[in-house]
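Undergrad: Here you go, target.cif (mmCIF, C-alpha atoms and all ligand atoms):
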```
data_protein
#
loop_
_atom_site.group_PDB
_atom_site.id
_atom_site.type_symbol
_atom_site.label_atom_id
_atom_site.label_comp_id
_atom_site.auth_asym_id
_atom_site.auth_seq_id
_atom_site.Cartn_x
_atom_site.Cartn_y
_atom_site.Cartn_z
ATOM 1 C CA MET A 173 -15.461 102.818 -47.075
ATOM 2 C CA THR A 174 -16.515 99.730 -45.224
ATOM 3 C CA ASP A 175 -14.079 98.241 -42.801
ATOM 4 C CA THR A 176 -16.143 95.268 -41.766
ATOM 5 C CA VAL A 177 -13.732 92.401 -41.320
ATOM 6 C CA VAL A 178 -14.247 89.499 -43.711
ATOM 7 C CA ALA A 179 -12.949 85.959 -43.183
ATOM 8 C CA ASN A 180 -13.295 82.482 -44.665
ATOM 9 C CA GLU A 181 -13.545 80.822 -41.259
ATOM 10 C CA LYS A 182 -15.389 81.702 -38.050
ATOM 11 C CA ILE A 183 -13.528 84.768 -36.789
ATOM 12 C CA ASN A 184 -10.997 83.883 -34.129
ATOM 13 C CA PRO A 185 -10.618 87.018 -31.929
ATOM 14 C CA SER A 186 -6.997 86.335 -30.985
ATOM 15 C CA LYS A 187 -5.944 85.850 -34.633
ATOM 16 C CA LEU A 188 -7.763 89.084 -35.515
ATOM 17 C CA GLU A 189 -6.169 91.066 -32.678
ATOM 18 C CA ARG A 190 -2.709 89.842 -33.710
ATOM 19 C CA ALA A 191 -3.434 90.763 -37.332
ATOM 20 C CA LYS A 192 -4.623 94.263 -36.367
ATOM 21 C CA GLU A 193 -1.446 94.840 -34.394
ATOM 22 C CA ILE A 194 0.847 93.642 -37.196
ATOM 23 C CA ILE A 195 -1.004 95.335 -40.067
ATOM 24 C CA LEU A 196 -1.250 98.647 -38.234
ATOM 25 C CA GLY A 197 2.493 98.424 -37.606
ATOM 26 C CA LEU A 198 3.130 97.757 -41.308
ATOM 27 C CA GLN A 199 0.962 100.734 -42.278
ATOM 28 C CA GLN A 200 2.912 102.951 -39.893
ATOM 29 C CA GLU A 201 6.236 101.778 -41.359
ATOM 30 C CA LEU A 202 5.130 101.970 -44.988
ATOM 31 C CA PRO A 203 5.724 105.739 -45.481
ATOM 32 C CA TYR A 204 9.422 105.177 -44.711
ATOM 33 C CA TYR A 205 9.635 102.521 -47.434
ATOM 34 C CA ILE A 206 7.809 104.851 -49.857
ATOM 35 C CA ALA A 207 10.253 107.640 -49.023
ATOM 36 C CA GLY A 208 13.026 105.209 -49.985
ATOM 37 C CA GLY A 209 11.513 104.588 -53.427
ATOM 38 C CA SER A 210 9.269 101.566 -52.763
ATOM 39 C CA GLY A 211 5.686 101.190 -53.936
ATOM 40 C CA PRO A 212 2.847 101.702 -51.421
ATOM 41 C CA PHE A 213 2.416 98.135 -50.157
ATOM 42 C CA LEU A 214 4.235 96.198 -47.426
ATOM 43 C CA ALA A 215 4.023 92.496 -46.496
ATOM 44 C CA ALA A 216 5.407 90.464 -43.597
ATOM 45 C CA ILE A 217 5.564 86.715 -43.027
ATOM 46 C CA TYR A 218 5.568 85.259 -39.511
ATOM 47 C CA ASP A 219 5.815 81.695 -38.253
ATOM 48 C CA ASP A 220 3.385 80.135 -35.792
ATOM 49 C CA LYS A 221 5.610 81.128 -32.854
ATOM 50 C CA GLY A 222 5.394 84.792 -33.814
ATOM 51 C CA HIS A 223 8.870 85.067 -35.312
ATOM 52 C CA LEU A 224 9.290 87.416 -38.255
ATOM 53 C CA ILE A 225 10.594 85.453 -41.260
ATOM 54 C CA ALA A 226 10.461 88.132 -43.965
ATOM 55 C CA LYS A 227 9.294 91.694 -44.485
ATOM 56 C CA GLU A 228 9.331 93.290 -47.923
ATOM 57 C CA ALA A 229 7.775 96.274 -49.693
ATOM 58 C CA ASN A 230 6.614 96.523 -53.279
ATOM 59 C CA SER A 231 9.689 97.180 -55.447
ATOM 60 C CA VAL A 232 8.264 97.256 -58.982
ATOM 61 C CA ILE A 233 9.762 100.658 -59.782
ATOM 62 C CA ASN A 234 12.989 100.651 -57.786
ATOM 63 C CA GLU A 235 13.929 97.140 -58.944
ATOM 64 C CA THR A 236 12.295 97.421 -62.391
ATOM 65 C CA CYS A 237 10.269 94.220 -62.195
ATOM 66 C CA SER A 238 6.488 94.027 -62.655
ATOM 67 C CA HIS A 239 6.367 90.901 -60.439
ATOM 68 C CA ASN A 240 7.867 92.625 -57.421
ATOM 69 C CA HIS A 241 4.739 93.136 -55.366
ATOM 70 C CA ALA A 242 5.182 93.124 -51.581
ATOM 71 C CA GLU A 243 3.672 89.654 -51.185
ATOM 72 C CA MET A 244 5.819 88.127 -53.946
ATOM 73 C CA ASN A 245 8.962 89.749 -52.496
ATOM 74 C CA ALA A 246 8.136 88.523 -48.985
ATOM 75 C CA ILE A 247 7.448 84.960 -50.186
ATOM 76 C CA LYS A 248 10.695 84.934 -52.137
ATOM 77 C CA ALA A 249 12.628 86.190 -49.088
ATOM 78 C CA ALA A 250 10.969 83.605 -46.794
ATOM 79 C CA GLU A 251 11.758 80.756 -49.197
ATOM 80 C CA LYS A 252 15.343 81.927 -49.393
ATOM 81 C CA ALA A 253 15.622 82.291 -45.599
ATOM 82 C CA LEU A 254 14.180 78.813 -45.009
ATOM 83 C CA ASN A 255 15.842 77.290 -48.080
ATOM 84 C CA THR A 256 12.668 75.748 -49.490
ATOM 85 C CA TYR A 257 10.193 76.238 -52.332
ATOM 86 C CA ASP A 258 7.411 74.782 -50.177
ATOM 87 C CA LEU A 259 6.637 76.819 -47.070
ATOM 88 C CA SER A 260 3.757 74.616 -45.942
ATOM 89 C CA GLU A 261 5.664 72.680 -43.282
ATOM 90 C CA HIS A 262 6.618 75.963 -41.593
ATOM 91 C CA ASN A 263 2.985 76.942 -40.968
ATOM 92 C CA LEU A 264 3.419 80.574 -42.032
ATOM 93 C CA ARG A 265 1.104 83.595 -41.958
ATOM 94 C CA LEU A 266 1.313 86.451 -44.431
ATOM 95 C CA TYR A 267 0.214 89.927 -43.370
ATOM 96 C CA VAL A 268 -0.126 92.652 -45.997
ATOM 97 C CA THR A 269 -1.285 96.261 -46.011
ATOM 98 C CA ALA A 270 -3.768 95.724 -48.889
ATOM 99 C CA GLU A 271 -5.731 92.871 -50.448
ATOM 100 C CA PRO A 272 -3.519 90.741 -52.716
ATOM 101 C CA CYS A 273 -3.919 91.292 -56.466
ATOM 102 C CA ILE A 274 -4.629 88.553 -59.003
ATOM 103 C CA MET A 275 -0.915 87.743 -59.419
ATOM 104 C CA CYS A 276 -0.203 87.577 -55.698
ATOM 105 C CA LEU A 277 -3.150 85.222 -55.112
ATOM 106 C CA GLY A 278 -1.336 82.811 -57.420
ATOM 107 C CA GLY A 279 1.981 83.421 -55.705
ATOM 108 C CA ILE A 280 0.443 82.773 -52.295
ATOM 109 C CA MET A 281 -1.358 79.612 -53.500
ATOM 110 C CA TRP A 282 1.845 78.063 -54.803
ATOM 111 C CA SER A 283 4.003 79.069 -51.846
ATOM 112 C CA GLY A 284 2.433 76.940 -49.101
ATOM 113 C CA ILE A 285 1.470 79.984 -46.970
ATOM 114 C CA LYS A 286 -1.277 78.826 -44.552
ATOM 115 C CA GLU A 287 -2.941 82.073 -43.470
ATOM 116 C CA VAL A 288 -3.404 85.472 -45.162
ATOM 117 C CA TYR A 289 -4.382 88.724 -43.426
ATOM 118 C CA TYR A 290 -4.865 91.908 -45.429
ATOM 119 C CA GLY A 291 -5.704 95.553 -44.849
ATOM 120 C CA VAL A 292 -7.337 97.733 -47.500
ATOM 121 C CA PRO A 293 -9.714 95.890 -49.873
ATOM 122 C CA SER A 294 -8.937 95.985 -53.609
ATOM 123 C CA LYS A 295 -12.010 98.060 -54.450
ATOM 124 C CA SER A 296 -10.755 100.826 -52.200
ATOM 125 C CA VAL A 297 -7.155 100.519 -53.484
ATOM 126 C CA GLU A 298 -8.469 100.940 -57.024
ATOM 127 C CA GLN A 299 -10.678 103.916 -56.119
ATOM 128 C CA ILE A 300 -7.906 105.749 -54.281
ATOM 129 C CA THR A 301 -4.922 104.979 -56.511
ATOM 130 C CA GLY A 302 -6.118 103.799 -59.925
ATOM 131 C CA PHE A 303 -4.070 100.582 -59.661
ATOM 132 C CA ASP A 304 -5.749 97.598 -61.370
ATOM 133 C CA GLU A 305 -5.963 94.707 -58.890
ATOM 134 C CA GLY A 306 -7.328 92.204 -61.423
ATOM 135 C CA PHE A 307 -10.325 89.858 -61.306
ATOM 136 C CA LYS A 308 -10.665 87.502 -58.348
ATOM 137 C CA PRO A 309 -14.086 85.841 -58.196
ATOM 138 C CA ASP A 310 -14.836 84.131 -54.866
ATOM 139 C CA TRP A 311 -11.191 83.986 -53.904
ATOM 140 C CA LEU A 312 -11.840 83.658 -50.176
ATOM 141 C CA GLU A 313 -13.927 80.551 -50.920
ATOM 142 C CA GLU A 314 -11.315 79.204 -53.348
ATOM 143 C CA PHE A 315 -8.637 79.632 -50.673
ATOM 144 C CA LYS A 316 -10.874 77.923 -48.122
ATOM 145 C CA LYS A 317 -11.095 74.885 -50.437
ATOM 146 C CA ARG A 318 -7.301 74.790 -50.317
ATOM 147 C CA ASN A 319 -7.157 75.156 -46.523
ATOM 148 C CA ILE A 320 -5.755 78.687 -46.664
ATOM 149 C CA VAL A 321 -7.313 80.906 -44.000
ATOM 150 C CA VAL A 322 -8.045 84.514 -45.009
ATOM 151 C CA TYR A 323 -9.021 87.544 -42.921
ATOM 152 C CA GLY A 324 -9.441 90.904 -44.647
ATOM 153 C CA ASN A 325 -10.412 94.568 -44.257
ATOM 154 C CA ILE A 326 -8.173 94.984 -41.212
ATOM 155 C CA GLU A 327 -7.297 98.538 -40.066
ATOM 156 C CA VAL A 328 -8.667 99.874 -43.347
ATOM 157 C CA ALA A 329 -8.771 103.596 -42.489
ATOM 158 C CA ALA A 330 -5.072 103.755 -41.628
ATOM 159 C CA GLY A 331 -4.170 101.878 -44.814
ATOM 160 C CA GLU A 332 -6.336 104.095 -46.992
ATOM 161 C CA GLN A 333 -4.647 107.189 -45.592
ATOM 162 C CA VAL A 334 -1.194 105.889 -46.584
ATOM 163 C CA LEU A 335 -2.471 105.278 -50.121
ATOM 164 C CA ARG A 336 -4.046 108.750 -50.321
ATOM 165 C CA ASP A 337 -0.765 110.267 -49.148
ATOM 166 C CA TYR A 338 1.098 108.271 -51.839
ATOM 167 C CA ILE A 339 -1.144 109.799 -54.524
ATOM 168 C CA THR A 340 -1.152 113.306 -53.052
ATOM 169 C CA ALA A 341 2.650 113.288 -53.040
ATOM 170 C CA GLY A 342 2.605 112.675 -56.806
ATOM 171 C CA ASN A 343 4.111 109.189 -56.714
ATOM 172 C CA THR A 344 3.865 106.905 -59.739
ATOM 173 C CA VAL A 345 0.845 104.671 -60.348
ATOM 174 C CA TYR A 346 2.436 102.175 -62.699
ATOM 175 C CA GLN A 347 0.285 100.392 -65.249
ATOM 176 C CA PRO A 348 1.070 98.672 -68.525
ATOM 177 C CA ASP A 349 0.008 100.834 -71.460
ATOM 178 C CA ARG A 350 -3.279 99.420 -72.765
ATOM 179 C CA ASP A 351 -4.031 101.954 -75.478
HETATM 180 ZN ZN ZN B 401 0.127 91.774 -56.095
#
```
Spit out the file's structure as structure tokens when you get a sec.
Ligand SMILES: [Zn+2]

TA:
Amino acid sequence: MTDTVVANEKINPSKLERAKEIILGLQQELPYYIAGGSGPFLAAIYDDKGHLIAKEANSVINETCSHNHAEMNAIKAAEKALNTYDLSEHNLRLYVTAEPCIMCLGGIMWSGIKEVYYGVPSKSVEQITGFDEGFKPDWLEEFKKRNIVVYGNIEVAAGEQVLRDYITAGNTVYQPDRD
């Protein structure tokens, strides 16, 4: 698997170092969330002063809601914490263990999040787990048009190992029935 970092701006080394630190931390915490019944993805939202605003795991199965991806849960928690449906004035960054799926790209776009940093790319998530991440043509460019900064493929090997462990342990890969 490639772990060449991708970005839709000229890579800023300090932003990348911060993202590596946070995403690696999320990947190290994720097995504890999985052990508690969560799905294998974890997202955190920080403000521009480095304060944690929200941290949420995927809860599709344990809360029986197909929308409850980590990013959607974290955005919802941040909006609740800050009492707003428009996060843009808070200048927030979202960090997530894997590339956002088609639904979460929409959720992020409408939330006012300013920067997105992700770990394992969707192609690798799909190969390891069988989850369908959707279709997302040129999304880094589309986000750039909307002034949303994206950095991806951060600490990929560590993230892939958590996903492999999720599968090896026999956890559920939930999909709608398409037969
Ligand atoms: Zn998603």

Undergrad: With all atoms listed in the file counted, collect every polymer residue having an atom within 7 Å of ligand ZN 401 (chain B); state the result as a ChimeraX atom specification.

TA: /A:241-243,272-276

Undergrad: Of the candidates A:Gln333, A:Asp220, A:Lys295, A:Ile247, which one gets nearest to Lys187 in chain A if we count all atoms listed in the file?

TA: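 Closest residue, counting all atoms listed in the file: A:Asp220.
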
Undergrad: Determine the residue set returned by the PyMOL selection byres (((chain A and resi 298) around 12) and not hetatm) for the present structure, and present it as a list in words.

TA: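 In the shown coordinates, the PyMOL selection byres (((chain A and resi 298) around 12) and not hetatm) covers Ala270, Glu271, Cys273, Val292, Pro293, Ser294, Lys295, Ser296, Val297, Gln299, Ile300, Thr301, Gly302, Phe303, Asp304, Glu305, Gly306, Glu332, Leu335, Arg336, Ile339 and Val345 of chain A.
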
Undergrad: Up to 12 Å from (-2.1, 94.5, -37.9) in the file's coordinates: name the residues, counting all atoms listed in the file, as a PyMOL selection string.

TA: chain A and resi 186-201+214-216+266-270+288-292+323-328+330-331

Undergrad: Using only C-alpha atoms, which of A:Trp282, A:Tyr338, A:Tyr257, A:Phe307 sits nearest Ala207 in chain A?

TA: A:Tyr338

Undergrad: For Val177 in chain A, which residue among A:Asp349, A:Lys248, A:Asn343, A:Val322 is the nearest when counting all atoms listed in the file?

TA: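 Result for the nearest residue to Val177 in chain A: A:Val322.
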
Undergrad: Could you jot down the CA of Met281 in chain A to CA of Glu228 in chain A separation for me, Å, one decimal place?

TA: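 Distance between the two atoms: 18.2 Å.
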
Undergrad: Restricting the calculation to only C-alpha atoms, which member of A:Val321, A:Val334, A:Gly278, A:Tyr346 is positioned closest to Tyr205 in chain A?

TA: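 Closest residue, counting only C-alpha atoms: A:Val334.
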
Undergrad: Selected by the PyMOL selection byres (((chain A and resi 312) around 8) and not hetatm) in the shown coordinates: which residues, as a PyMOL selection string?

TA: chain A and resi 179-180+310-311+313-316+322

Undergrad: Smallest atom-to-atom distance to Val232 in chain A: which of A:Leu277, A:Ala249, A:Ile206, A:Ile217, using all atoms listed in the file?

TA: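 With all atoms listed in the file as the atom set, the closest residue is A:Ile206.
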
Undergrad: Can you tell me how far CA of Asp337 in chain A sits from CA of Thr236 in chain A, in Å to one decimal?

TA: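 Between CA of Asp337 in chain A and CA of Thr236 in chain A the gap is 22.6 Å.
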
Undergrad: From the list A:Ala226, A:Ala246, A:Ile233, A:Ile183, which residue is nearest Thr344 in chain A when using only C-alpha atoms?

TA: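 Under the stated criterion, the closest residue is A:Ile233.
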
Undergrad: Using CA of Leu264 in chain A and CA of Asp219 in chain A as the two end points, give the distance in Å to one decimal.

TA: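 So the answer is 4.6 Å.
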
Undergrad: Report as an NGL selection string all protein, DNA and RNA residues lying within 12 Å of Glu251 in chain A, evaluated on only C-alpha atoms, omitting residues in the same chain fewer than 6 positions from it.

TA: :A and (217 or 225-226 or 244-245 or 257-262 or 264 or 280 or 282-285)

Undergrad: Given the file shown, enumerate the residues that the PyMOL selection byres (((chain A and resi 231) around 6) and not hetatm) captures and present them as a list in words.

TA: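 Applying the expression gives Ser210, Gly211, Asn230, Val232, Ile233, Asn234, Glu235 and Asn240 of chain A.
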